[in-house]
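Shown next: run_23.txt, containing compact mmCIF, C-alpha atoms.
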# COMPACT_ATOMS: atom_id res chain seq x y z
CA TYR P 1 7.27 2.30 -1.55
CA CYS P 2 4.62 -0.28 -2.29
CA GLY P 3 2.21 -0.10 -5.19
CA GLU P 4 -0.88 -1.85 -6.44
CA SER P 5 -1.56 -2.68 -10.08
CA ASP P 6 -3.91 -4.89 -12.04
CA ALA P 7 -2.65 -8.29 -13.20
CA GLY P 8 -0.80 -7.95 -16.47
CA ASP P 9 -0.14 -4.25 -15.87
CA ALA P 10 2.96 -4.36 -13.70
CA GLY P 11 4.35 -1.04 -14.76
CA ALA P 12 6.35 1.54 -12.90
CA ASP P 13 3.71 1.82 -10.20
CA GLY P 14 3.37 -1.92 -9.63
CA GLY P 15 5.25 -4.36 -7.44
CA VAL P 16 6.86 -3.93 -4.05
CA SER P 17 10.05 -2.49 -2.66
CA ASP P 18 12.17 -3.73 0.26
CA GLY P 19 14.54 -1.44 2.10
CA GLY P 20 13.91 1.73 0.12
CA ASP P 21 15.21 5.26 0.57
CA ALA P 22 14.48 7.31 3.66
CA GLY P 23 11.20 9.23 3.54
CA ASP P 24 7.56 8.42 4.16
CA ALA P 25 6.35 4.84 3.95
CA SER P 26 3.79 5.35 1.21
CA VAL P 27 1.26 3.51 -0.92
CA THR P 28 -0.30 4.11 -4.31
CA ASP P 29 -3.27 2.77 -6.23
CA GLY P 30 -1.51 3.62 -9.48
CA SER P 31 -2.62 7.25 -9.52
CA ALA P 32 -2.03 8.88 -6.13
CA TYR P 33 0.30 8.30 -3.18
CA PHE P 34 -0.41 8.80 0.48
CA ALA P 35 1.78 8.38 3.53
CA LEU P 36 1.43 5.28 5.68
CA SER P 37 3.95 6.46 8.28
CA PRO P 38 3.15 9.16 10.83
CA ASP P 39 4.27 12.72 10.17
CA ASN P 40 6.42 13.08 13.29
CA GLY P 41 9.34 14.89 11.67
CA ASN P 42 11.44 11.73 11.31
CA PRO P 43 11.91 9.81 8.04
CA ALA P 44 10.67 6.25 7.63
CA THR P 45 13.27 3.74 6.40
CA SER P 46 13.60 0.06 5.44
CA PRO P 47 9.99 -0.72 4.42
CA SER P 48 8.89 -4.30 3.85
CA VAL P 49 5.44 -5.42 2.61
CA GLY P 50 3.47 -8.67 2.37
CA VAL P 51 -0.02 -9.79 1.35
CA ASP P 52 -2.04 -12.95 1.99
CA LEU P 53 -4.59 -14.79 -0.15
CA GLU P 54 -7.48 -12.74 1.25
CA GLY P 55 -5.83 -9.48 0.19
CA ARG P 56 -4.82 -8.39 3.68
CA VAL P 57 -1.68 -6.25 3.42
CA THR P 58 0.92 -5.64 6.11
CA VAL P 59 3.64 -2.99 5.84
CA VAL P 60 6.50 -2.58 8.35
CA TRP P 61 9.24 0.02 8.56
CA ALA P 62 11.71 1.71 10.94
CA GLN P 63 11.12 5.25 12.22
CA VAL P 64 12.32 7.28 15.18
CA VAL P 65 9.82 7.87 17.99
CA GLY P 66 10.66 9.12 21.49
CA GLY P 67 14.34 9.34 20.60
CA ASN P 68 14.63 5.68 19.54
CA GLN P 69 14.43 4.21 16.04
CA SER P 70 11.55 1.81 16.47
CA ILE P 71 9.71 -0.78 14.36
CA TRP P 72 6.29 0.21 13.04
CA ALA P 73 3.48 -1.66 11.28
CA ARG P 74 0.27 -0.80 9.46
CA ARG P 75 -2.39 -3.15 8.08
CA TYR P 76 -4.88 -3.01 5.24
CA VAL P 77 -7.99 -5.22 5.23
CA PRO P 78 -10.31 -5.33 2.20
CA ASP P 79 -13.66 -3.61 2.81
CA ALA P 80 -12.23 -1.99 5.96
CA GLY P 81 -9.27 -0.01 4.65
CA TRP P 82 -6.05 0.97 6.38
CA ALA P 83 -5.78 0.74 10.16
CA ASP P 84 -3.71 3.28 12.09
CA ALA P 85 0.06 2.85 12.20
CA GLY P 86 1.41 1.37 15.42
CA VAL P 87 4.75 0.62 17.05
CA ILE P 88 5.53 -3.08 17.49
CA SER P 89 8.94 -2.55 19.13
CA LEU P 90 10.08 0.59 20.96
CA VAL P 91 13.59 -0.75 21.63
CA PRO P 92 16.26 0.78 19.30
CA ALA P 93 16.10 -1.33 16.13
CA ASP P 94 16.49 -1.25 12.36
CA ALA P 95 16.09 -3.18 9.11
CA PRO P 96 12.73 -4.95 9.60
CA GLN P 97 11.91 -7.85 7.30
CA LEU P 98 8.43 -9.30 6.79
CA ALA P 99 7.13 -12.65 5.57
CA VAL P 100 3.39 -13.35 5.21
CA ALA P 101 1.81 -16.78 4.73
CA GLU P 102 -1.18 -17.54 2.52
CA ASN P 103 -3.36 -18.05 5.62
CA GLY P 104 -2.67 -14.54 6.91
CA GLU P 105 -0.12 -15.42 9.58
CA GLY P 106 3.16 -13.56 9.41
CA VAL P 107 6.55 -12.93 10.97
CA VAL P 108 8.42 -9.66 11.35
CA ALA P 109 12.11 -9.82 12.21
CA TRP P 110 14.55 -6.96 12.79
CA LEU P 111 17.99 -6.08 14.11
CA GLN P 112 17.83 -4.80 17.69
CA THR P 113 20.86 -2.77 18.68
CA ALA P 114 23.22 -2.59 21.69
CA PRO P 115 24.40 -5.22 20.92
CA THR P 116 22.89 -5.97 17.51
CA ARG P 117 20.79 -9.13 17.73
CA VAL P 118 17.83 -10.56 15.77
CA TYR P 119 14.38 -10.16 17.32
CA SER P 120 10.94 -10.96 15.96
CA THR P 121 7.20 -10.92 16.46
CA ARG P 122 4.45 -13.04 14.95
CA PHE P 123 0.93 -12.01 14.00
CA GLY P 124 -2.23 -13.83 12.99
CA ALA P 125 -4.80 -13.13 10.32
CA ASP P 126 -6.47 -10.81 12.84
CA GLY P 127 -3.40 -8.54 12.80
CA VAL P 128 -2.59 -8.94 16.50
CA PHE P 129 1.18 -8.88 17.09
CA SER P 130 2.82 -11.00 19.79
CA PRO P 131 5.44 -9.53 22.18
CA PRO P 132 8.93 -9.33 20.62
CA VAL P 133 11.30 -12.20 21.38
CA SER P 134 14.92 -12.99 20.59
CA VAL P 135 15.56 -15.26 17.61
CA GLU P 136 19.13 -15.90 18.69
CA SER P 137 19.59 -18.35 21.56
CA SER P 138 22.61 -18.72 23.83
CA VAL P 139 24.60 -15.93 22.19
CA PRO P 140 27.42 -14.45 24.35
CA TYR P 141 26.95 -10.74 24.99
CA ASP P 142 30.40 -9.98 23.57
CA ALA P 143 29.80 -11.94 20.35
CA GLY P 144 30.00 -10.01 17.11
CA SER P 145 27.05 -8.01 15.84
CA SER P 146 24.39 -9.70 13.75
CA MET P 147 23.61 -8.28 10.30
CA ASN P 148 22.14 -9.01 6.86
CA MET P 149 19.04 -10.71 8.28
CA ARG P 150 16.29 -12.23 6.10
CA VAL P 151 13.03 -14.02 6.86
CA ALA P 152 10.83 -16.42 4.88
CA ALA P 153 7.53 -18.24 5.55
CA ASP P 154 5.55 -21.05 3.93
CA ARG P 155 1.79 -21.08 3.26
CA LEU P 156 1.03 -22.42 6.78
CA GLY P 157 3.03 -19.79 8.65
CA ASN P 158 6.15 -21.82 9.43
CA ALA P 159 9.08 -19.41 9.31
CA VAL P 160 12.85 -19.34 9.00
CA VAL P 161 15.20 -16.45 9.76
CA VAL P 162 18.81 -16.31 8.58
CA TRP P 163 21.50 -13.79 9.44
CA GLU P 164 25.23 -13.19 9.47
CA ARG P 165 27.45 -12.97 12.58
CA ASP P 166 31.22 -13.28 12.95
CA ASN P 167 31.61 -14.20 9.25
CA LYS P 168 29.23 -17.13 9.65
CA VAL P 169 25.61 -17.65 8.58
CA CYS P 170 23.14 -18.60 11.32
CA TRP P 171 19.50 -19.58 11.28
CA ASN P 172 16.49 -20.47 13.39
CA VAL P 173 13.06 -21.96 12.65
CA SER P 174 9.58 -21.35 14.06
CA LEU P 175 7.01 -24.10 13.42
CA ASP P 176 3.21 -24.19 13.64
CA GLY P 177 2.97 -20.58 14.78
CA GLY P 178 5.03 -21.33 17.88
CA GLY P 179 8.26 -20.02 19.32
CA TRP P 180 11.76 -20.22 17.96
CA GLY P 181 13.97 -23.27 18.37
CA THR P 182 17.71 -23.22 19.04
CA SER P 183 19.68 -21.04 16.66
CA SER P 184 22.67 -22.64 14.95
CA GLU P 185 25.29 -22.01 12.30
CA VAL P 186 24.54 -23.05 8.74
CA SER P 187 27.84 -22.25 7.07
CA GLY P 188 30.20 -24.02 9.47
CA ASP P 189 33.72 -22.89 10.20
CA VAL P 190 35.67 -22.74 6.93
CA PRO P 191 39.14 -21.17 7.37
CA ASP P 192 39.73 -18.03 5.31
CA ALA P 193 36.24 -18.32 3.79
CA PRO P 194 33.81 -15.98 5.56
CA ALA P 195 30.14 -16.54 4.84
CA THR P 196 27.95 -13.51 4.16
CA LEU P 197 24.71 -12.19 2.61
CA PRO P 198 22.33 -15.09 3.42
CA PHE P 199 18.90 -15.55 1.84
CA ALA P 200 16.25 -18.13 2.78
CA ALA P 201 13.24 -19.79 1.17
CA LEU P 202 10.66 -22.28 2.42
CA HIS P 203 8.83 -24.81 0.26
CA PRO P 204 5.16 -23.76 0.25
CA SER P 205 3.83 -27.06 1.59
CA SER P 206 6.62 -29.42 2.70
CA GLY P 207 8.36 -27.00 5.07
CA GLU P 208 11.72 -27.78 3.49
CA ALA P 209 14.07 -24.80 3.96
CA TRP P 210 16.80 -23.59 1.65
CA VAL P 211 19.55 -21.13 2.61
CA ALA P 212 21.90 -19.52 0.10
CA PHE P 213 24.90 -17.34 0.95
CA ILE P 214 28.20 -16.13 -0.39
Translate the structure described by the file into structure tokens.
Amino acid sequence: YCGESDAGDAGADGGVSDGGDAGDASVTDGSAYFALSPDNGNPATSPSVGVDLEGRVTVVWAQVVGGNQSIWARRYVPDAGWADAGVISLVPADAPQLAVAENGEGVVAWLQTAPTRVYSTRFGADGVFSPPVSVESSVPYDAGSSMNMRVAADRLGNAVVVWERDNKVCWNVSLDGGGWGTSSEVSGDVPDAPATLPFAALHPSSGEAWVAFI
């Protein structure tokens, strides 16, 4: 769930939630909830939410449509309200993660199955999503499944995605609103020391990236 509260009143209804329980993707103004996800008989899962400096809100989640678990998005723009929910990837996928920059640009990344690989889309302040692309480059088809993916963005929309595969932590970077570079391993090959659970952060202005993992 995501909630809105006044500054200094971050109570039980305030803040955001990432990867919540199955159900409807919902929103509240502190007094009443309403569903963001369509009532198609299938639960919404794995919500992620972001907001820019102009107050534009983007929410993404996973929900089955047409027999496939797909990635959905819905946008809120001040003075216009909530747009309709829409599918941004119909290919079987799960666990979407969202990062929104101050300027309104954003990145959505998710785990696309069969085999499990990291895919993403970018969007501008106008809310138009680009076609999904693979974040992982030159990955053998029989390589292990990717998992535990996270995404971060700086104030200009530069983005980094990190994930785990074959007990190693990998990453890729997208600069200046462009495409992804060449993915590579961050953790290296340390015998008997698998790397897992990566998280990433970008400096707001310098573009310096930090990756932490276990």
Near Ser184 (chain P), counting all atoms listed in the file, which residues have an atom at most 8 Å away, once you skip same-chain residues fewer than 4 positions from it, shown as a list of chain:residue names?
-> P:Cys170, P:Trp171, P:Asn172
By how many Å are CA of Ser137 (chain P) and CA of His203 (chain P) apart?
->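 Those two atoms sit 24.7 Å apart.
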Could you state the separation of CA of Ala152 (chain P) and CA of Phe213 (chain P) in Å, given to one decimal place?
->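 CA of Ala152 (chain P) sits 14.6 Å away from CA of Phe213 (chain P).
Among the candidate residues P:Arg117, P:Arg122, P:Arg155, P:Arg56, the one lying nearest to Val135 (chain P) is P:Arg117, with distances computed using all atoms listed in the file.
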Compare P:Asn103, P:Thr113, P:Ser37, P:Ser120 by their minimum atom-to-atom distance to Ala85 (chain P), counting all atoms listed in the file, and give me the closest one.
-> P:Ser37
Computed gap from CA of Val59 (chain P) to CA of Pro115 (chain P) is 25.8 Å
Quick one: residues within 7 Å of Gly86 (chain P), only C-alpha atoms counted, chain neighbours fewer than 5 positions away excluded, as a ChimeraX atom specification?
-> /P:72-74
Of the candidates P:Pro47, P:Gly127, P:Gly106, P:Pro78, which shows the shortest atom-to-atom distance to Leu175 (chain P), using all atoms listed in the file?
->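 Nearest candidate to Leu175 (chain P) out of P:Pro47, P:Gly127, P:Gly106, P:Pro78: P:Gly106.
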Contacts of Glu102 (chain P) at 9 Å or less, counting only C-alpha atoms, minus same-chain residues fewer than 5 places along, as a VMD selection string?
-> chain P and resid 51 to 54 154 to 157
Skip Ala80 (chain P) itself and residues of its chain fewer than 4 positions away, then list as a ChimeraX atom specification all residues within 12 Å of it, counting all atoms listed in the file.
-> /P:55-57,75-76,84
Counting all atoms listed in the file, the option among P:Thr45, P:Gly81, P:Pro92, P:Gly179 closest to Asn68 (chain P) =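 Checking each candidate against Asn68 (chain P), we get P:Pro92 as the closest.
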Choose the residue, out of P:Asn167, P:Trp61, P:Ser89, P:Gly178, that has the smallest atom-to-atom separation from Pro131 (chain P); count only C-alpha atoms.
->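 Nearest candidate to Pro131 (chain P) out of P:Asn167, P:Trp61, P:Ser89, P:Gly178: P:Ser89.
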Expected axis-aligned box over every listed atom of region 63-69 of chain P, 6 Å added per side, centre plus edges in Å to one decimal, as lines of an AutoDock Vina configuration file:
center_x = 12.2
center_y = 6.8
center_z = 16.9
size_x = 16.8
size_y = 17.1
size_z = 21.3
Which residue gives the smallest distance to Val87 (chain P) among P:Val108, P:Val65, P:Ala44, P:Ala99, with only C-alpha atoms counted?
->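 Checking each of P:Val108, P:Val65, P:Ala44, P:Ala99 against Val87 (chain P), counting only C-alpha atoms, the winner is P:Val65.
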What would the list of residues within 6 Å of (14.9, -18.3, 20.7) (file frame) look like as a compact mmCIF listing (two decimals) with C-alpha atoms, in the coordinates of the input, if all atoms listed in the file are what count?
# COMPACT_ATOMS: atom_id res chain seq x y z
CA SER P 134 14.92 -12.99 20.59
CA VAL P 135 15.56 -15.26 17.61
CA GLU P 136 19.13 -15.90 18.69
CA SER P 137 19.59 -18.35 21.56
CA TRP P 180 11.76 -20.22 17.96
CA GLY P 181 13.97 -23.27 18.37
CA THR P 182 17.71 -23.22 19.04
Which residues, written as a ChimeraX atom specification, have at least one atom at most 9 Å from Trp210 (chain P), with all atoms listed in the file counted and residues fewer than 5 positions away on the same chain left out?
-> /P:199-203
Hey, can you pull every residue with an atom no more than 6 Å from (10.1, -2.5, 14.2), using all atoms listed in the file, and send it as a PyMOL selection string?
-> chain P and resi 62+70-72+88-89+96
